[in-house]
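Source file: upload27.tsv (TSV, C-alpha atoms)
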```
chain	number	residue	atom	x	y	z
A	1	MET	CA	-57.82	246.87	7.23
A	2	ASP	CA	-60.28	248.15	9.78
A	3	ILE	CA	-62.40	245.29	11.10
A	4	ARG	CA	-65.44	247.56	10.83
A	5	LYS	CA	-64.95	247.84	7.09
A	6	ILE	CA	-64.78	244.07	6.82
A	7	LYS	CA	-67.94	243.76	8.85
A	8	LYS	CA	-69.68	246.25	6.65
A	9	LEU	CA	-68.68	244.21	3.61
A	10	ILE	CA	-70.12	241.07	5.16
A	11	GLU	CA	-73.37	242.87	5.84
A	12	MET	CA	-73.47	244.21	2.29
A	13	LEU	CA	-72.95	240.70	0.99
A	14	GLN	CA	-75.72	239.36	3.19
A	15	GLU	CA	-78.16	241.98	2.04
A	16	SER	CA	-77.46	241.52	-1.64
A	17	ASP	CA	-77.51	238.74	-4.17
A	18	LEU	CA	-73.75	238.96	-4.56
A	19	ARG	CA	-71.72	235.83	-4.02
A	20	GLU	CA	-68.40	237.54	-3.46
A	21	ILE	CA	-66.87	240.91	-2.67
A	22	GLU	CA	-63.20	241.69	-3.08
A	23	VAL	CA	-61.69	245.00	-1.97
A	24	LYS	CA	-58.12	246.17	-2.31
A	25	GLU	CA	-56.64	249.00	-0.32
A	26	GLY	CA	-53.01	249.61	-1.21
A	27	GLU	CA	-51.26	246.34	-0.47
A	28	GLU	CA	-54.06	244.90	1.59
A	29	SER	CA	-56.93	243.05	0.05
A	30	VAL	CA	-59.86	241.15	1.42
A	31	ARG	CA	-62.18	238.75	-0.35
A	32	ILE	CA	-65.43	237.71	1.27
A	33	ALA	CA	-67.48	234.97	-0.35
A	34	ARG	CA	-70.62	233.08	0.39
A	35	GLY	CA	-70.09	229.34	0.43
A	36	GLY	CA	-72.69	226.97	-0.95
A	37	SER	CA	-76.01	228.01	-2.35
A	38	ILE	CA	-78.66	230.07	-0.63
A	39	GLU	CA	-80.69	226.88	-0.40
A	40	HIS	CA	-77.93	225.32	1.71
A	41	PHE	CA	-78.01	228.22	4.09
A	42	GLN	CA	-81.62	227.66	4.87
A	43	ALA	CA	-81.83	223.94	4.57
A	44	GLN	CA	-78.72	222.62	6.18
A	45	HIS	CA	-76.74	225.42	7.63
A	46	PRO	CA	-73.25	224.43	6.54
A	47	ILE	CA	-70.45	226.42	8.08
A	48	GLN	CA	-68.29	228.58	5.96
A	49	MET	CA	-64.64	228.59	6.82
A	50	ARG	CA	-64.68	232.38	6.69
A	51	ALA	CA	-66.11	232.05	10.16
A	52	GLU	CA	-62.48	231.96	11.22
A	53	SER	CA	-61.98	235.51	12.22
A	54	PRO	CA	-58.48	236.81	11.50
A	55	THR	CA	-58.41	238.86	14.68
A	56	PRO	CA	-59.55	238.17	18.23
A	57	VAL	CA	-63.25	237.69	17.98
A	58	LYS	CA	-65.42	240.44	19.35
A	59	SER	CA	-68.94	241.52	18.79
A	60	ILE	CA	-68.24	244.61	16.84
A	61	PRO	CA	-70.19	247.79	17.29
A	62	VAL	CA	-71.07	249.42	14.01
A	63	GLU	CA	-72.36	252.87	14.64
A	64	ASP	CA	-72.42	253.69	10.97
A	65	ALA	CA	-74.14	250.51	9.84
A	66	PRO	CA	-75.59	250.35	6.34
A	67	SER	CA	-78.93	251.96	5.70
A	68	SER	CA	-81.18	249.05	6.68
A	69	PHE	CA	-80.34	249.33	10.37
A	70	SER	CA	-80.60	252.65	12.11
A	71	GLY	CA	-79.26	252.22	15.60
A	72	ASN	CA	-76.44	250.16	17.04
A	73	THR	CA	-76.21	246.59	15.86
A	74	VAL	CA	-75.04	243.65	17.93
A	75	CYS	CA	-73.59	241.00	15.62
A	76	SER	CA	-72.75	237.33	16.03
A	77	PRO	CA	-69.06	236.75	16.78
A	78	ILE	CA	-69.27	233.16	15.54
A	79	VAL	CA	-71.19	230.70	13.38
A	80	GLY	CA	-73.77	228.94	15.50
A	81	THR	CA	-77.35	228.87	16.71
A	82	PHE	CA	-79.09	231.93	18.15
A	83	TYR	CA	-81.01	231.64	21.41
A	84	ARG	CA	-83.12	234.37	22.96
A	85	LYS	CA	-83.55	232.58	26.30
A	86	PRO	CA	-81.09	231.10	28.80
A	87	ALA	CA	-83.24	227.92	28.84
A	88	PRO	CA	-86.42	226.86	27.00
A	89	ASN	CA	-88.61	227.41	30.07
A	90	LYS	CA	-87.09	230.78	31.00
A	91	PRO	CA	-88.10	234.23	29.79
A	92	ALA	CA	-86.12	235.83	26.95
A	93	PHE	CA	-83.08	237.91	27.88
A	94	VAL	CA	-84.65	240.93	26.17
A	95	GLU	CA	-87.84	241.90	24.39
A	96	ILE	CA	-88.38	244.72	21.92
A	97	GLY	CA	-88.75	247.97	23.85
A	98	ASP	CA	-86.65	246.79	26.82
A	99	LYS	CA	-83.99	249.10	28.17
A	100	VAL	CA	-80.51	247.58	28.22
A	101	LYS	CA	-77.20	248.71	29.66
A	102	ALA	CA	-73.83	248.12	28.06
A	103	GLY	CA	-72.60	244.80	29.44
A	104	ASP	CA	-76.03	243.20	29.79
A	105	VAL	CA	-76.34	239.70	28.31
A	106	ILE	CA	-78.93	239.95	25.53
A	107	CYS	CA	-78.74	236.55	23.83
A	108	ILE	CA	-76.74	233.34	23.43
A	109	VAL	CA	-75.09	231.90	20.34
A	110	GLU	CA	-74.41	228.18	20.71
A	111	ALA	CA	-71.67	226.35	18.80
A	112	MET	CA	-70.13	222.95	19.54
A	113	LYS	CA	-72.48	222.83	22.53
A	114	MET	CA	-70.75	225.86	24.01
A	115	MET	CA	-73.14	228.52	25.22
A	116	ASN	CA	-71.65	231.88	24.28
A	117	GLU	CA	-73.23	234.81	26.05
A	118	ILE	CA	-73.49	237.89	23.89
A	119	LYS	CA	-73.44	241.20	25.73
A	120	SER	CA	-74.68	244.53	24.48
A	121	GLU	CA	-71.93	247.04	23.95
A	122	PHE	CA	-74.47	249.84	24.09
A	123	SER	CA	-76.97	251.30	26.46
A	124	GLY	CA	-80.35	251.99	24.96
A	125	VAL	CA	-83.64	250.44	23.97
A	126	VAL	CA	-84.02	247.17	22.04
A	127	LYS	CA	-85.36	248.26	18.68
A	128	SER	CA	-85.50	244.97	16.85
A	129	ILE	CA	-84.50	241.32	17.15
A	130	GLU	CA	-83.36	240.21	13.72
A	131	VAL	CA	-83.18	236.43	14.20
A	132	ASP	CA	-85.74	233.85	15.32
A	133	ASP	CA	-85.09	231.80	18.42
A	134	ALA	CA	-83.06	228.63	17.65
A	135	ALA	CA	-82.23	229.79	14.10
A	136	PRO	CA	-78.75	229.35	12.62
A	137	VAL	CA	-76.58	232.48	12.41
A	138	GLU	CA	-73.49	233.33	10.45
A	139	PHE	CA	-70.37	235.18	11.53
A	140	GLY	CA	-71.03	238.92	11.57
A	141	GLN	CA	-74.80	238.56	11.15
A	142	VAL	CA	-76.85	241.26	12.85
A	143	LEU	CA	-78.70	239.78	15.84
A	144	ILE	CA	-80.21	242.68	17.71
A	145	VAL	CA	-80.51	246.41	17.06
A	146	ILE	CA	-80.29	248.85	19.97
A	147	GLU	CA	-81.23	252.50	19.77
B	1	MET	CA	-73.67	226.76	50.34
B	2	LYS	CA	-71.14	225.24	52.73
B	3	THR	CA	-67.44	225.55	52.14
B	4	LEU	CA	-65.23	222.70	53.27
B	5	ASN	CA	-61.89	223.92	51.98
B	6	GLN	CA	-60.52	226.92	50.27
B	7	LEU	CA	-57.08	226.99	48.79
B	8	LYS	CA	-55.31	229.86	47.09
B	9	LEU	CA	-52.10	229.09	45.27
B	10	HIS	CA	-49.81	231.77	43.89
B	11	PHE	CA	-47.08	230.75	41.51
B	12	LYS	CA	-43.81	232.46	40.75
B	13	ASP	CA	-44.94	233.24	37.22
B	14	GLN	CA	-47.88	235.18	38.71
B	15	ASN	CA	-50.40	232.52	37.94
B	16	GLU	CA	-52.97	232.01	40.60
B	17	ILE	CA	-55.24	229.08	41.31
B	18	ILE	CA	-58.20	229.37	43.64
B	19	PHE	CA	-59.70	226.04	44.62
B	20	GLU	CA	-62.92	225.80	46.61
B	21	HIS	CA	-64.53	222.61	47.83
B	22	PHE	CA	-68.19	222.78	48.88
B	23	SER	CA	-70.18	220.16	50.71
B	24	GLU	CA	-73.19	221.52	48.86
B	25	ILE	CA	-73.86	224.28	46.37
B	26	ASP	CA	-76.58	225.20	43.88
B	27	SER	CA	-74.36	224.73	40.83
B	28	THR	CA	-70.58	224.98	40.51
B	29	ASN	CA	-70.90	226.60	37.07
B	30	THR	CA	-73.39	229.20	38.26
B	31	TYR	CA	-71.21	229.96	41.28
B	32	LEU	CA	-68.08	230.60	39.21
B	33	LYS	CA	-69.90	232.48	36.46
B	34	ASP	CA	-71.31	234.91	38.98
B	35	LYS	CA	-67.94	235.59	40.60
B	36	GLN	CA	-67.11	238.74	38.68
B	37	GLU	CA	-63.70	239.38	40.17
B	38	ASP	CA	-62.47	236.06	38.84
B	39	SER	CA	-62.45	237.06	35.23
B	40	ARG	CA	-58.93	238.31	35.09
B	41	ASN	CA	-55.91	237.00	33.30
B	42	ARG	CA	-53.69	234.29	34.69
B	43	ARG	CA	-56.16	233.11	37.25
B	44	ILE	CA	-57.91	229.78	37.34
B	45	SER	CA	-60.86	229.35	39.67
B	46	ILE	CA	-62.00	225.84	40.52
B	47	ALA	CA	-65.17	224.86	42.36
B	48	LEU	CA	-65.76	221.26	43.42
B	49	ALA	CA	-68.91	220.11	45.20
B	50	ASP	CA	-69.98	216.95	47.00
B	51	GLN	CA	-73.52	217.65	45.91
B	52	GLN	CA	-75.35	220.18	43.78
B	53	LEU	CA	-78.82	221.35	44.68
B	54	ALA	CA	-79.46	222.78	41.24
B	55	GLY	CA	-76.92	221.07	38.98
B	56	ARG	CA	-77.29	222.23	35.40
B	57	GLY	CA	-76.85	220.64	32.03
B	58	ARG	CA	-77.32	222.51	28.78
B	59	SER	CA	-80.54	224.33	27.88
B	60	GLY	CA	-81.85	224.37	31.41
B	61	LYS	CA	-81.71	220.59	31.83
B	62	ASN	CA	-81.00	219.34	35.32
B	63	TRP	CA	-77.88	217.40	36.16
B	64	TYR	CA	-78.53	214.71	38.78
B	65	SER	CA	-76.10	215.60	41.57
B	66	PRO	CA	-76.65	213.67	44.82
B	67	ASN	CA	-74.12	213.55	47.64
B	68	SER	CA	-71.87	210.80	46.36
B	69	GLU	CA	-68.56	209.97	44.80
B	70	ASN	CA	-69.77	211.53	41.53
B	71	LEU	CA	-67.66	214.38	40.23
B	72	TYR	CA	-69.12	217.88	40.02
B	73	VAL	CA	-66.41	220.40	39.22
B	74	SER	CA	-66.13	223.67	37.32
B	75	PHE	CA	-63.17	225.66	36.06
B	76	LYS	CA	-63.15	229.33	35.11
B	77	PHE	CA	-60.31	230.96	33.20
B	78	LYS	CA	-59.54	233.28	30.34
B	79	LEU	CA	-57.84	232.50	27.05
B	80	GLU	CA	-56.71	235.21	24.64
B	81	GLY	CA	-57.70	235.16	20.99
B	82	ARG	CA	-60.59	233.61	19.14
B	83	LEU	CA	-63.16	231.25	20.60
B	84	GLN	CA	-61.64	227.80	21.05
B	85	PRO	CA	-63.70	224.60	20.85
B	86	LEU	CA	-63.07	223.75	24.49
B	87	SER	CA	-66.06	221.42	24.60
B	88	LEU	CA	-64.17	219.06	22.30
B	89	ILE	CA	-60.72	219.77	23.70
B	90	VAL	CA	-61.70	219.12	27.33
B	91	GLY	CA	-63.75	216.07	26.29
B	92	ALA	CA	-60.79	214.50	24.52
B	93	GLU	CA	-58.54	215.22	27.51
B	94	LEU	CA	-61.07	213.70	29.88
B	95	CYS	CA	-61.06	210.44	27.88
B	96	LYS	CA	-57.27	210.42	28.05
B	97	ILE	CA	-57.25	211.09	31.82
B	98	ILE	CA	-59.73	208.28	32.54
B	99	ASN	CA	-57.74	205.92	30.36
B	100	ASN	CA	-54.45	206.81	32.05
B	101	LEU	CA	-55.73	206.75	35.63
B	102	SER	CA	-57.35	203.34	35.10
B	103	GLU	CA	-54.11	202.02	33.60
B	104	LYS	CA	-55.84	201.51	30.25
B	105	LYS	CA	-58.57	199.34	31.75
B	106	ILE	CA	-61.27	201.88	30.98
B	107	ALA	CA	-61.28	203.48	27.54
B	108	PRO	CA	-64.25	205.75	27.01
B	109	ASN	CA	-65.05	207.27	23.62
B	110	ILE	CA	-66.31	210.67	22.64
B	111	LYS	CA	-69.35	211.46	20.54
B	112	TRP	CA	-69.45	214.82	18.79
B	113	PRO	CA	-69.01	217.29	20.22
B	114	ASN	CA	-68.42	216.27	23.82
B	115	ASP	CA	-70.46	213.33	25.11
B	116	ILE	CA	-68.30	210.78	26.89
B	117	ILE	CA	-69.53	207.27	26.11
B	118	LEU	CA	-68.67	203.98	27.79
B	119	ASP	CA	-70.39	200.75	26.79
B	120	ARG	CA	-72.76	202.77	24.62
B	121	LYS	CA	-73.93	204.86	27.56
B	122	LYS	CA	-73.29	208.48	28.44
B	123	VAL	CA	-71.16	208.71	31.57
B	124	SER	CA	-70.18	212.36	31.65
B	125	GLY	CA	-71.51	215.79	30.81
B	126	ILE	CA	-69.50	218.86	29.92
B	127	LEU	CA	-71.13	222.29	30.04
B	128	VAL	CA	-69.08	225.13	28.56
B	129	GLU	CA	-70.30	228.70	28.97
B	130	THR	CA	-68.35	231.62	27.60
B	131	GLU	CA	-68.37	235.37	27.53
B	132	ILE	CA	-66.39	237.75	25.38
B	133	ASP	CA	-63.79	239.71	27.30
B	134	ASN	CA	-61.32	242.18	25.94
B	135	GLY	CA	-59.41	240.35	23.21
B	136	GLY	CA	-60.35	236.90	24.40
B	137	PHE	CA	-62.97	234.75	26.03
B	138	ILE	CA	-63.72	233.77	29.60
B	139	TYR	CA	-64.64	230.10	29.79
B	140	THR	CA	-66.59	228.39	32.54
B	141	VAL	CA	-66.25	224.65	32.03
B	142	GLY	CA	-68.40	222.37	34.17
B	143	ILE	CA	-67.77	218.64	34.28
B	144	GLY	CA	-69.99	215.98	35.73
B	145	ILE	CA	-68.95	212.33	35.87
B	146	ASN	CA	-71.17	209.54	37.11
B	147	PHE	CA	-69.59	206.87	39.28
B	148	MET	CA	-73.02	205.87	40.51
B	149	LEU	CA	-76.59	206.33	39.29
B	150	PRO	CA	-80.02	205.99	40.87
B	151	ASN	CA	-82.04	202.93	39.94
B	152	LYS	CA	-84.55	205.06	38.14
B	153	ALA	CA	-81.92	206.54	35.80
B	154	GLU	CA	-82.85	206.47	32.14
B	155	ASN	CA	-81.36	203.75	30.05
B	156	HIS	CA	-78.90	205.86	28.09
B	157	TRP	CA	-76.99	206.87	31.23
B	158	GLY	CA	-74.03	204.84	32.44
B	159	ILE	CA	-71.23	204.97	34.96
B	160	ILE	CA	-67.46	204.94	35.06
B	161	PRO	CA	-66.39	202.08	37.32
B	162	GLN	CA	-64.28	203.31	40.23
B	163	VAL	CA	-61.01	201.47	40.06
B	164	LYS	CA	-57.83	202.17	41.99
B	165	GLN	CA	-56.52	205.71	41.33
B	166	LEU	CA	-59.58	206.65	39.30
B	167	ASN	CA	-61.75	208.89	41.44
B	168	ARG	CA	-63.14	212.41	41.40
B	169	PHE	CA	-60.14	213.98	43.13
B	170	ALA	CA	-57.57	212.37	40.85
B	171	ILE	CA	-59.55	213.48	37.79
B	172	THR	CA	-59.84	217.02	39.17
B	173	LYS	CA	-56.11	217.17	39.72
B	174	GLU	CA	-55.32	216.03	36.17
B	175	LEU	CA	-57.87	218.45	34.69
B	176	SER	CA	-56.38	221.31	36.73
B	177	LEU	CA	-52.92	220.57	35.34
B	178	PHE	CA	-54.34	220.46	31.83
B	179	ILE	CA	-56.13	223.78	32.22
B	180	GLN	CA	-53.08	225.38	33.75
B	181	ALA	CA	-51.12	224.33	30.66
B	182	LEU	CA	-53.91	225.74	28.46
B	183	THR	CA	-53.70	229.15	30.10
B	184	GLN	CA	-49.92	229.18	29.76
B	185	ASN	CA	-49.33	227.66	26.33
B	186	GLY	CA	-52.70	227.93	24.63
B	187	VAL	CA	-54.59	225.10	23.00
B	188	PRO	CA	-52.36	222.05	22.28
B	189	SER	CA	-51.57	221.78	18.57
B	190	ASN	CA	-52.49	218.09	18.48
B	191	TRP	CA	-55.93	218.37	20.06
B	192	GLN	CA	-57.69	217.23	16.88
B	193	GLN	CA	-55.63	214.02	16.83
B	194	ASP	CA	-56.44	213.41	20.49
B	195	TRP	CA	-60.10	213.93	19.77
B	196	GLU	CA	-60.09	211.60	16.73
B	197	GLN	CA	-58.22	209.01	18.78
B	198	ALA	CA	-61.02	208.93	21.34
B	199	SER	CA	-63.77	209.42	18.76
B	200	ILE	CA	-66.53	206.86	18.56
B	201	HIS	CA	-67.37	207.84	14.99
B	202	LYS	CA	-64.47	206.55	12.91
B	203	ARG	CA	-65.84	206.30	9.36
B	204	ASN	CA	-69.27	205.11	10.37
B	205	SER	CA	-72.63	206.37	9.33
B	206	ILE	CA	-74.00	209.21	11.39
B	207	THR	CA	-77.30	211.01	11.80
B	208	LEU	CA	-77.45	214.63	12.85
B	209	LYS	CA	-80.57	216.40	13.99
B	210	THR	CA	-80.05	220.11	13.46
B	211	ASN	CA	-81.60	222.74	15.68
B	212	ASN	CA	-84.20	223.30	12.95
B	213	SER	CA	-85.13	219.62	13.37
B	214	GLU	CA	-83.64	218.83	9.98
B	215	ILE	CA	-82.26	215.27	9.79
B	216	ILE	CA	-78.92	214.87	8.05
B	217	LYS	CA	-77.77	211.33	7.31
B	218	GLY	CA	-74.32	210.57	6.01
B	219	GLU	CA	-70.86	209.30	6.71
B	220	TYR	CA	-68.68	210.79	9.42
B	221	PHE	CA	-65.68	212.48	7.82
B	222	GLY	CA	-63.98	214.33	10.67
B	223	ILE	CA	-63.86	217.56	12.63
B	224	SER	CA	-62.57	220.93	11.50
B	225	ASN	CA	-60.07	223.05	13.39
B	226	THR	CA	-62.99	225.02	14.83
B	227	GLY	CA	-64.45	221.77	16.19
B	228	SER	CA	-67.35	221.61	13.76
B	229	LEU	CA	-68.60	218.26	12.50
B	230	ILE	CA	-67.90	217.29	8.89
B	231	ILE	CA	-70.33	214.85	7.31
B	232	ILE	CA	-70.37	213.47	3.77
B	233	THR	CA	-73.97	213.52	2.70
B	234	ASN	CA	-75.21	213.00	-0.86
B	235	GLY	CA	-71.60	212.96	-2.01
B	236	GLU	CA	-70.88	216.38	-0.54
B	237	LYS	CA	-68.86	217.44	2.51
B	238	LYS	CA	-70.82	219.64	4.89
B	239	GLU	CA	-69.87	221.25	8.19
B	240	PHE	CA	-72.09	221.77	11.19
B	241	ALA	CA	-71.55	223.82	14.33
B	242	SER	CA	-74.79	222.79	16.03
B	243	GLY	CA	-76.97	219.76	16.30
B	244	GLU	CA	-77.48	216.49	18.11
B	245	CYS	CA	-75.89	213.42	16.56
B	246	SER	CA	-76.76	209.80	17.01
B	247	LEU	CA	-74.94	206.66	16.02
B	248	GLU	CA	-75.99	203.53	14.34
B	249	TYR	CA	-74.20	200.74	16.08
```
Please go through the file and, once you have read it, give me the structure as structure tokens.
Amino acid sequence: MDIRKIKKLIEMLQESDLREIEVKEGEESVRIARGGSIEHFQAQHPIQMRAESPTPVKSIPVEDAPSSFSGNTVCSPIVGTFYRKPAPNKPAFVEIGDKVKAGDVICIVEAMKMMNEIKSEFSGVVKSIEVDDAAPVEFGQVLIVIE
Amino acid sequence: MKTLNQLKLHFKDQNEIIFEHFSEIDSTNTYLKDKQEDSRNRRISIALADQQLAGRGRSGKNWYSPNSENLYVSFKFKLEGRLQPLSLIVGAELCKIINNLSEKKIAPNIKWPNDIILDRKKVSGILVETEIDNGGFIYTVGIGINFMLPNKAENHWGIIPQVKQLNRFAITKELSLFIQALTQNGVPSNWQQDWEQASIHKRNSITLKTNNSEIIKGEYFGISNTGSLIIITNGEKKEFASGECSLEY
């Protein structure tokens, strides 16, 4: 199954009250479920095992993202913590309205104390930053929208 | 930046190791990260420094790096596939290396995810920085080990005693062999056992401060195959990818 379809499903799940989506295509099927309650997500940030991506992890460009994001979305390749700055006393990698080139580092997602630089796969202007600094993020969650 | 030695090794199987030894440098991690041409397959770049002028820890913290016998070394290499918890994997290996080189006289422990602890004090820092690259990740792994500390060092810092065979060059050599094996064979299948073996947690109580400043108290249960911390709290198992944990001795 196309990884983009799976990503779209994850986004649909995140934007809805659904707990689970299962899709079958011929012999292939994929089931995506939220683990724990919504309360857990906010309060304690447990990790869902679905964070294990079945394919090499990549931040996946979704040009045809669902309606709520117009523009190109940069998503988290892992479960972790989102950081807008390289260090607390440094300026943010990008601000809304900044021009970015494909390949520019635009944020960091930390997990297991590893600082994972996330690069933009698009050139354009930063339209929105969807996550607060130091907030937990899930696999596939939209971080930044570029137009 | 002053280079003392530069060594380029080519192996029959097309692996390549580039080793650079600096008398001083801003930061070995920054140096390797900025070397763009190094991000290709089957190449390991190593930078070792006698002193760092701007040694870095995580989140912009400084790493005390005077000219001394302390170890300041970084490795840069690529591994195919998903992100591997190299902070834990390298930490566990480092405990094993120190134990072996000291002929079992020095047995440090590891606190999740990668703090090396000896006599209840932190003796080593590991800084892992990654970037996504074409079907895999490029890792820059910086390792600092204290063999000496200034008098004014804070109380929670400690040192590894320098005994015969246990010094910064011997450790660098063993780490290089380990990373070479990583790039050839991937992550060792028993890394979780190695980590648990060196773990300081056992089944003890643990407190985790999350990045939202939430305090989680519970019992240490283990680590997952992604390296996340599993805690039993209020009768429930929960996993965490981020946070700062402390121990109750």
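Take the candidates B:Leu166, B:Ile25, B:Ala49, B:Leu7 and check each one against Ile98 of chain B using all atoms listed in the file; the shortest distance goes to B:Leu166.
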Pick out the closest residue to chain B from this set: A:Ala111, A:Ala102, A:Ile6, A:Val30. Count all atoms listed in the file. A:Ala111
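With atom CA of Thr226 of chain B on one side and atom CA of Ile108 of chain A on the other, the separation reads 18.2 Å.
Interatomic distance, atom CA of Glu131 of chain B to atom CA of Arg42 of chain B: 16.4 Å.
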Give one line per residue of chain B that approaches chain A to at most 8 Å, naming the two atoms of the closest pair and their distance in Å to one decimal, counting only C-alpha atoms; sort by chain then ascending residue number and deliver it as a tab-separated table.
```
residue	atom	partner	partner_atom	distance
B:Arg58	CA	A:Lys113	CA	7.9
B:Ser59	CA	A:Ala87	CA	4.6
B:Gly60	CA	A:Ala87	CA	4.6
B:Glu80	CA	A:Pro56	CA	7.6
B:Gly81	CA	A:Pro56	CA	4.5
B:Arg82	CA	A:Pro56	CA	4.8
B:Leu83	CA	A:Val57	CA	7.0
B:Pro85	CA	A:Met112	CA	6.8
B:Leu86	CA	A:Met114	CA	8.0
B:Ser87	CA	A:Met114	CA	6.5
B:Leu88	CA	A:Met112	CA	7.6
B:Pro113	CA	A:Met112	CA	5.8
B:Asn114	CA	A:Lys113	CA	7.8
B:Leu127	CA	A:Met114	CA	7.0
B:Val128	CA	A:Met114	CA	4.9
B:Glu129	CA	A:Met115	CA	4.7
B:Thr130	CA	A:Asn116	CA	4.7
B:Glu131	CA	A:Glu117	CA	5.1
B:Ile132	CA	A:Lys58	CA	6.7
B:Asn134	CA	A:Lys58	CA	8.0
B:Gly135	CA	A:Pro56	CA	5.4
B:Gly136	CA	A:Pro56	CA	6.3
B:Thr210	CA	A:Gln44	CA	7.8
B:Asn211	CA	A:Ala134	CA	6.4
B:Asn212	CA	A:Ala135	CA	6.9
B:Glu214	CA	A:Gln44	CA	7.3
B:Ile216	CA	A:Gln44	CA	8.0
B:Thr226	CA	A:Glu52	CA	7.8
B:Gly227	CA	A:Met112	CA	6.7
B:Ser228	CA	A:Met112	CA	6.6
B:Lys238	CA	A:Pro46	CA	5.6
B:Glu239	CA	A:Pro46	CA	4.9
B:Phe240	CA	A:Pro46	CA	5.5
B:Ala241	CA	A:Ala111	CA	5.1
B:Ser242	CA	A:Ala111	CA	5.5
```
Would you list the contacts of Pro150 of chain B as a list in words, taking every protein, DNA or RNA residue within 12 Å and counting all atoms listed in the file, but skipping same-chain residues closer than 6 positions in sequence? Tyr64, Ser65, Pro66, Asn67, Ser68, Asn70, Trp157, Gly158 and Ile159 of chain B
What is the atom CA of Leu149 of chain B to atom CA of Gly91 of chain B distance in Å? 20.7 Å
Extract, using all atoms listed in the file, all DNA, RNA and protein residues at most 6 Å from Asn204 of chain B, discarding same-chain residues fewer than 3 positions from it, and format them as an MDAnalysis selection string. chainID B and resid 201 219:220
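For the choices A:Val74, A:Ile106, A:Val125, A:Lys101, the atom-to-atom distance to Leu143 of chain A is smallest for A:Val74 when using all atoms listed in the file.
Comparing B:Met148, B:Ala181, B:Cys245, B:Leu71 by their smallest distance to Leu208 of chain B, the closest is B:Cys245 (using only C-alpha atoms).
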Pick out the residues sitting within 10 Å of Asp194 of chain B, and hand them over as a list of chain:residue names; count only C-alpha atoms, and ignore anything fewer than 6 positions along from it in its own chain. B:Leu88, B:Ile89, B:Gly91, B:Ala92, B:Glu93, B:Cys95, B:Lys96, B:Pro188
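Using all atoms listed in the file, the shortest contact distance between Glu103 of chain B and any of B:Val163, B:Ile44, B:Ile117, B:Val141 is found at B:Val163.
Taking all atoms listed in the file into account, the residues near (-78.4, 249.7, 23.0), no farther than 10 Å, are Gly71, Asn72, Thr73, Val74, Asp98, Lys99, Val100, Lys101, Ala102, Gly103, Asp104, Ser120, Glu121, Phe122, Ser123, Gly124, Val125, Val126, Lys127, Ile144, Val145, Ile146 and Glu147 of chain A.
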Once you have the residues from the selection above, write them out as a PDB file, in the coordinates of the input, restricted to C-alpha atoms.
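Ended up saving to part.pdb:
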```
ATOM      1  CA  GLY A  71     -79.260 252.220  15.600  1.00  0.00           C
ATOM      2  CA  ASN A  72     -76.440 250.160  17.040  1.00  0.00           C
ATOM      3  CA  THR A  73     -76.210 246.590  15.860  1.00  0.00           C
ATOM      4  CA  VAL A  74     -75.040 243.650  17.930  1.00  0.00           C
ATOM      5  CA  ASP A  98     -86.650 246.790  26.820  1.00  0.00           C
ATOM      6  CA  LYS A  99     -83.990 249.100  28.170  1.00  0.00           C
ATOM      7  CA  VAL A 100     -80.510 247.580  28.220  1.00  0.00           C
ATOM      8  CA  LYS A 101     -77.200 248.710  29.660  1.00  0.00           C
ATOM      9  CA  ALA A 102     -73.830 248.120  28.060  1.00  0.00           C
ATOM     10  CA  GLY A 103     -72.600 244.800  29.440  1.00  0.00           C
ATOM     11  CA  ASP A 104     -76.030 243.200  29.790  1.00  0.00           C
ATOM     12  CA  SER A 120     -74.680 244.530  24.480  1.00  0.00           C
ATOM     13  CA  GLU A 121     -71.930 247.040  23.950  1.00  0.00           C
ATOM     14  CA  PHE A 122     -74.470 249.840  24.090  1.00  0.00           C
ATOM     15  CA  SER A 123     -76.970 251.300  26.460  1.00  0.00           C
ATOM     16  CA  GLY A 124     -80.350 251.990  24.960  1.00  0.00           C
ATOM     17  CA  VAL A 125     -83.640 250.440  23.970  1.00  0.00           C
ATOM     18  CA  VAL A 126     -84.020 247.170  22.040  1.00  0.00           C
ATOM     19  CA  LYS A 127     -85.360 248.260  18.680  1.00  0.00           C
ATOM     20  CA  ILE A 144     -80.210 242.680  17.710  1.00  0.00           C
ATOM     21  CA  VAL A 145     -80.510 246.410  17.060  1.00  0.00           C
ATOM     22  CA  ILE A 146     -80.290 248.850  19.970  1.00  0.00           C
ATOM     23  CA  GLU A 147     -81.230 252.500  19.770  1.00  0.00           C
TER      24      GLU A 147
END
```
